[in-house]
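**Q** What follows is a structure written as structure tokens; I'll ask about it next.
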Amino acid sequence: MTDTRQPAARPANPRFSSGPCAKPPAFTLDKLSDAALGRSHRAAVGKDKLKAAIEGTREVLGIPADYKIGIVPASDTGAYEMAMWTMLGARPVEMLAWESFGSGWVTDAIKQLKLDAKVTTAEYGQIVDLTAVDWDADVCFTWNGTTSGVRVPNGDVIPADRAGLTLCDATSAAFAMDLPWDKLDVTTFSWQKVLGGEAAHGMLILSPRAVERLESYTPPWPLPKIFRLTKGGKLIDGIFSGATINTPSMLCVEDYLHCLDWARSVGGLSGLIARADANAAAIADFVAAHDWIDFLAEDPATRSNTSVCLKFTDPRIGDGATFAKAVAKRLEADGIAYDIGAYRDAPPGLRIWCGATVETSDIDAMLPWLAAAFDAEITAQAA
Ligand SMILES: Cc1ncc(COP(=O)(O)O)c(C=O)c1O
């Protein structure tokens with residue numbers, strides 16, 4: 001499918017998926033040639049690499065020295081559910097959700113753990129009133145709602161002297177947004193997002209208060225082996241120094257080490273944030289210049305700089321879902337933008353990944369094609 005009025009430039013990389021996300025620029029498989037393949041992850045070579053992944057995470061993200069960082073199974077989902085299953089039930093619980101991933105954690109709390117939790121939700125595009133939250137309860141939330149492009153603006157609303165724990169799913173926020181570590185007791189993410197790593201390994205970051213909870217509380221439900229973080233009432237320290245619960249992929253570990261090296265090469269966390277901000281700003285300029293497209297996020301303060309979600313607002317559009325899918329399909333067919341359709345449970349529209357591994361020049365080159373695809377689809381719809 002080719003538009004008659006084709007823009008001059010094409011993106012060098014059409015990968016704008018929200019996960020797995022684009023690999024770091026200039027990535028090639030030979031960058032992984034030092035992987036400890038065929039070696040035990042418990043041998044010195046394997047353990048050293050796992051430790052480097054943990055300490056590299058601490059260094060790049062600026063995580064305090066007294067926080068524990070573990071590599072755990074099953075990606076972000078594994079890390080977050082492990083925290084819910086091991087820590088919740090000791091105090092009242094508040095669940096906050098404003099898109100599908102947050103809603104998934106609500107399902108876990110209510111239907112699986114059967115907690116008598118207070119649930120507060122907001123529609124796609126909005127965020128819950130964070131000033132109305134009781135932070136003396138354990139509070140579960142997603143920092144950046146990947147499927148709505150709505151994020152927590154900052155951690156100011158979370159009191160330093162809270163009695164509850166904050167459990168933050170930061171999958172699409174880590175490495176692109178400033179995370180206030182003093183306000184976060186449990187933080188989770190997976191490698192496949194902002195740094196363009198591989199999926200299936202989760203990161204679990206615990207404040208001293210989260211460790212205290214683990215060591216003082218035994219949940220009433222059974223815990224599978226891959227969720228167990230304590231033994232005899234003490235934290236299993238090995239998990240937080242590279243002795244993983246079960247076998248990790250040493251190829252994925254090598255890939256993550258490469259991602260961390262690349263992160264350092266662009267200036268570390270501030271460089272990564274600046275890259276995501278520049279990508280999101282390019283889209284904001286485009287939205288401001290076109291009256292047929294808008295952000296799903298209503299309040300600019302909550303607009304994501306990673307999973308940028310857009311909606312079509314032209315009154316000529318008939319069926320919004322069909323229209324948005326057709327635009328995304330044109331861009332995919334032309335090799336301009338892959339995987340930018342809105343998430344299946346989200347309102348119709350587009351979701352363009354703007355995390356650090358995406359080059360602003362590729363966003364800039366893609367946007368005129370989006371305008372052309374929009375025009376072509378309006379014409380096609382009229383015909
Ligand atoms: C906010 C959020 N939470 C959880 C997940 C699930 O991550 P994973 O598939 O790595 O477990 C995602 C993935 O997109 C996400 O964006």
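Scheme for the structure tokens: letters A, B, ... for chains in order shown; per-chain residue numbers from 1; ligand numbers from 1 in order shown.
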Within 8 Å of ligand 1, counting only C-alpha atoms and all ligand atoms, which protein or nucleic acid residues do you find, written as a VMD selection string?

**A** chain A and resid 18 to 20 74 to 79 101 to 102 142 to 147 169 to 172 189 to 193 199 to 202

**Q** So which residues touch A:Leu167 within 9 Å, counting only C-alpha atoms, skipping near sequence neighbours fewer than 5 positions away, as a PDB file with C-alpha atoms, in the first residue's frame?

**A**
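That gives us part_35.pdb:
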```pdb
ATOM      1  CA  TYR A  80       5.299  -7.365  40.677  1.00  0.00           C
ATOM      2  CA  ALA A  83       5.903  -8.453  45.700  1.00  0.00           C
ATOM      3  CA  MET A  84       2.102  -8.573  45.976  1.00  0.00           C
ATOM      4  CA  ASP A 138      -0.046  -0.413  51.259  1.00  0.00           C
ATOM      5  CA  VAL A 139      -0.586   1.286  47.897  1.00  0.00           C
ATOM      6  CA  CYS A 140      -0.210  -0.500  44.533  1.00  0.00           C
ATOM      7  CA  PHE A 141       0.061   1.544  41.350  1.00  0.00           C
ATOM      8  CA  THR A 142       1.744   1.807  37.958  1.00  0.00           C
ATOM      9  CA  LEU A 184       9.085   3.872  46.547  1.00  0.00           C
ATOM     10  CA  ASP A 185       9.334   0.711  48.660  1.00  0.00           C
ATOM     11  CA  VAL A 186       8.900  -1.849  45.911  1.00  0.00           C
ATOM     12  CA  THR A 187       9.753  -0.981  42.326  1.00  0.00           C
ATOM     13  CA  THR A 188       9.627  -3.406  39.437  1.00  0.00           C
TER      14      THR A 188
END
```

**Q** Please provide as a list in words all residues within 6 Å of stretch 23-38 of chain A, with the sequence filter that same-chain residues fewer than 3 positions apart are discarded (counting only C-alpha atoms).

**A** Gly196, Met250, Leu251, Glu254 and Thr357 of chain A

**Q** Show me, as a PyMOL selection string, the residues that have an atom within 12 Å of A:Glu99 when counting only C-alpha atoms, minus same-chain residues fewer than 3 positions from it.

**A** chain A and resi 96+102-106+120-128+141-151+296-297+309+343-347

**Q** I'd like the neighbourhood of A:Pro248 as a list in words, where a residue qualifies if any of its atoms comes within 9 Å (using only C-alpha atoms), though same-chain residues fewer than 3 positions away should be ignored.

**A** His41, Ile71, Val72, Pro73, Ala200, His201, Thr244, Ile245, Leu251, Cys252 and Val253 of chain A

**Q** Could those selected residues go to a file with C-alpha atoms, as a PDB file, in the first residue's frame?

**A**
```pdb
ATOM      1  CA  HIS A  41      24.990 -19.065  36.179  1.00  0.00           C
ATOM      2  CA  ILE A  71      16.780 -10.385  39.119  1.00  0.00           C
ATOM      3  CA  VAL A  72      13.671 -12.556  39.240  1.00  0.00           C
ATOM      4  CA  PRO A  73      11.692 -14.803  36.879  1.00  0.00           C
ATOM      5  CA  ALA A 200      11.371 -12.631  30.620  1.00  0.00           C
ATOM      6  CA  HIS A 201      13.622 -11.295  33.381  1.00  0.00           C
ATOM      7  CA  THR A 244      18.934 -16.081  41.095  1.00  0.00           C
ATOM      8  CA  ILE A 245      16.057 -18.305  42.250  1.00  0.00           C
ATOM      9  CA  LEU A 251      22.328 -14.349  26.598  1.00  0.00           C
ATOM     10  CA  CYS A 252      19.672 -11.969  27.941  1.00  0.00           C
ATOM     11  CA  VAL A 253      21.986 -10.994  30.793  1.00  0.00           C
TER      12      VAL A 253
END
```

**Q** Please give the complete set of residues from stretch 49-284 of chain A that DSSP, run on the backbone, assigns to strand (DSSP E or B), formatted as a VMD selection string.

**A** chain A and resid 68 to 73 93 to 97 118 to 121 138 to 142 144 to 145 150 to 151 166 to 169 186 to 190 201 to 206 230 to 231 234 to 235

**Q** How about saving the chosen residues, N, CA and C atoms kept, as a compact mmCIF listing (two decimals), in the first residue's frame?

**A**
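part_9.txt was written with the following content:
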```txt
# COMPACT_ATOMS: atom_id res chain seq x y z
N LYS A 68 17.74 -3.12 48.04
CA LYS A 68 18.12 -4.42 47.45
C LYS A 68 17.60 -4.48 46.02
N ILE A 69 18.40 -5.07 45.13
CA ILE A 69 17.99 -5.21 43.73
C ILE A 69 18.15 -6.68 43.34
N GLY A 70 17.06 -7.29 42.88
CA GLY A 70 17.13 -8.69 42.50
C GLY A 70 16.67 -8.92 41.07
N ILE A 71 17.23 -9.94 40.44
CA ILE A 71 16.78 -10.39 39.12
C ILE A 71 15.89 -11.60 39.36
N VAL A 72 14.64 -11.50 38.91
CA VAL A 72 13.67 -12.56 39.24
C VAL A 72 12.98 -13.07 37.97
N PRO A 73 12.30 -14.22 38.07
CA PRO A 73 11.69 -14.80 36.88
C PRO A 73 10.44 -14.07 36.43
N VAL A 93 -5.03 -2.24 52.17
CA VAL A 93 -4.43 -2.11 50.84
C VAL A 93 -5.28 -1.16 49.98
N GLU A 94 -4.60 -0.27 49.26
CA GLU A 94 -5.29 0.56 48.25
C GLU A 94 -4.72 0.21 46.89
N MET A 95 -5.61 -0.06 45.94
CA MET A 95 -5.20 -0.37 44.58
C MET A 95 -5.60 0.81 43.69
N LEU A 96 -4.65 1.34 42.91
CA LEU A 96 -4.93 2.46 42.02
C LEU A 96 -4.72 2.00 40.58
N ALA A 97 -5.68 2.33 39.70
CA ALA A 97 -5.51 1.89 38.30
C ALA A 97 -6.13 2.92 37.37
N LYS A 118 -9.24 -1.30 49.02
CA LYS A 118 -9.95 -0.16 48.43
C LYS A 118 -9.43 0.01 47.00
N VAL A 119 -10.34 0.06 46.04
CA VAL A 119 -9.94 0.17 44.64
C VAL A 119 -10.37 1.53 44.10
N THR A 120 -9.42 2.26 43.53
CA THR A 120 -9.74 3.55 42.91
C THR A 120 -9.27 3.50 41.47
N THR A 121 -10.18 3.80 40.55
CA THR A 121 -9.81 3.74 39.13
C THR A 121 -10.15 5.05 38.43
N ASP A 138 -0.96 -0.01 52.33
CA ASP A 138 -0.05 -0.41 51.26
C ASP A 138 -0.70 0.00 49.94
N VAL A 139 0.02 0.72 49.11
CA VAL A 139 -0.59 1.29 47.90
C VAL A 139 0.09 0.69 46.66
N CYS A 140 -0.72 0.10 45.77
CA CYS A 140 -0.21 -0.50 44.53
C CYS A 140 -0.60 0.37 43.36
N PHE A 141 0.35 0.71 42.52
CA PHE A 141 0.06 1.54 41.35
C PHE A 141 1.15 1.37 40.30
N THR A 142 0.83 1.85 39.10
CA THR A 142 1.74 1.81 37.96
C THR A 142 2.25 3.22 37.72
N ASN A 144 3.90 4.61 35.12
CA ASN A 144 3.48 5.05 33.78
C ASN A 144 2.50 4.01 33.23
N GLY A 145 1.28 4.45 33.00
CA GLY A 145 0.29 3.55 32.42
C GLY A 145 0.60 3.36 30.94
N VAL A 150 -0.54 7.74 30.44
CA VAL A 150 -0.75 8.64 31.59
C VAL A 150 0.19 8.20 32.71
N ARG A 151 0.98 9.15 33.22
CA ARG A 151 1.96 8.81 34.25
C ARG A 151 1.77 9.67 35.50
N THR A 166 4.71 1.45 49.38
CA THR A 166 4.30 1.76 48.01
C THR A 166 4.86 0.67 47.10
N LEU A 167 3.99 0.07 46.31
CA LEU A 167 4.40 -0.96 45.35
C LEU A 167 4.20 -0.40 43.96
N CYS A 168 5.30 -0.06 43.30
CA CYS A 168 5.25 0.69 42.05
C CYS A 168 5.70 -0.17 40.86
N ASP A 169 4.80 -0.35 39.93
CA ASP A 169 5.16 -1.00 38.66
C ASP A 169 5.73 0.10 37.75
N VAL A 186 8.70 -0.74 46.85
CA VAL A 186 8.90 -1.85 45.91
C VAL A 186 8.79 -1.25 44.51
N THR A 187 9.79 -1.48 43.70
CA THR A 187 9.75 -0.98 42.33
C THR A 187 10.11 -2.14 41.42
N THR A 188 9.35 -2.31 40.36
CA THR A 188 9.63 -3.41 39.44
C THR A 188 9.69 -2.89 38.00
N PHE A 189 10.48 -3.58 37.20
CA PHE A 189 10.47 -3.31 35.75
C PHE A 189 11.06 -4.51 35.04
N SER A 190 10.96 -4.50 33.72
CA SER A 190 11.59 -5.57 32.95
C SER A 190 12.57 -4.97 31.95
N HIS A 201 12.95 -11.48 32.10
CA HIS A 201 13.62 -11.30 33.38
C HIS A 201 13.07 -10.04 34.04
N GLY A 202 12.76 -10.15 35.33
CA GLY A 202 12.18 -9.01 36.04
C GLY A 202 13.18 -8.44 37.03
N MET A 203 13.02 -7.17 37.32
CA MET A 203 13.84 -6.52 38.34
C MET A 203 12.96 -6.16 39.52
N LEU A 204 13.42 -6.52 40.70
CA LEU A 204 12.68 -6.26 41.94
C LEU A 204 13.58 -5.42 42.84
N ILE A 205 13.11 -4.21 43.14
CA ILE A 205 13.93 -3.26 43.92
C ILE A 205 13.19 -3.00 45.24
N LEU A 206 13.87 -3.23 46.35
CA LEU A 206 13.23 -3.16 47.66
C LEU A 206 13.89 -2.13 48.57
N THR A 230 12.25 -15.20 51.27
CA THR A 230 12.83 -15.35 52.60
C THR A 230 12.98 -16.84 52.94
N LYS A 231 13.86 -17.08 53.88
CA LYS A 231 14.01 -18.44 54.41
C LYS A 231 14.22 -18.30 55.91
N LYS A 234 14.29 -14.75 57.26
CA LYS A 234 15.36 -13.82 56.83
C LYS A 234 15.35 -13.71 55.30
N LEU A 235 15.64 -12.54 54.82
CA LEU A 235 15.73 -12.33 53.37
C LEU A 235 16.80 -13.26 52.79
```

**Q** Can you tell me which residues surround stretch 158-162 of chain A at a distance of at most 12 Å, considering only C-alpha atoms, apart from same-chain residues fewer than 6 positions away, and format the answer as a list in words?

**A** Leu130, Thr131, Ala132, Val133, Asp134, Trp135, Asp136, Ala137, Asp138, Val139, Val152, Cys168, Pro180, Trp181, Asp182, Lys183, Leu184, Asp185 and Arg209 of chain A

**Q** By how many Å are atom CA of A:Arg303 and atom CA of A:Glu332 apart?

**A**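 Straight-line distance from atom CA of A:Arg303 to atom CA of A:Glu332 works out to 24.9 Å.
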
**Q** Tell me, as a PDB file with C-alpha atoms, in the first residue's frame, which residues lie within 9 Å of A:Trp292, counting only C-alpha atoms; anything in the same chain fewer than 5 positions away does not count.

**A**
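Result file follows (part_24.pdb):
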```pdb
ATOM      1  CA  VAL A 287      -0.136  17.297  17.688  1.00  0.00           C
ATOM      2  CA  LYS A 311      -6.505   9.670  19.491  1.00  0.00           C
ATOM      3  CA  PHE A 312      -7.994  10.867  16.211  1.00  0.00           C
ATOM      4  CA  THR A 313     -10.443  13.730  16.723  1.00  0.00           C
ATOM      5  CA  ASP A 314     -11.578  14.528  13.165  1.00  0.00           C
ATOM      6  CA  PRO A 315     -15.415  14.685  13.015  1.00  0.00           C
ATOM      7  CA  PHE A 374      -4.374  10.028   7.787  1.00  0.00           C
TER       8      PHE A 374
END
```

**Q** Given the choices A:Val358, A:Cys259, A:Ile293, A:Ala337, which gets closest to A:Asp277 if the distance is worked out from only C-alpha atoms?

**A**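 Of the candidates, the smallest distance to A:Asp277 is held by A:Val358.
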
**Q** Just give me the gap between atom CA of A:Pro7 and atom CA of A:Ala321 in Å, one decimal is fine.

**A**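 So the answer is 25.3 Å.
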
**Q** Considering only alpha helix (DSSP H) as DSSP defines it on the backbone, what residues of stretch 171-286 of chain A qualify? List them as an NGL selection string.

**A** :A and (208-216 or 250-265 or 268-286)

**Q** Go through A:Ala174, A:Ile317, A:Leu331, A:Leu370 and flag the residue nearest A:Arg58, using only C-alpha atoms for the distances.

**A**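 Counting only C-alpha atoms, the residue closest to A:Arg58 is A:Ala174.
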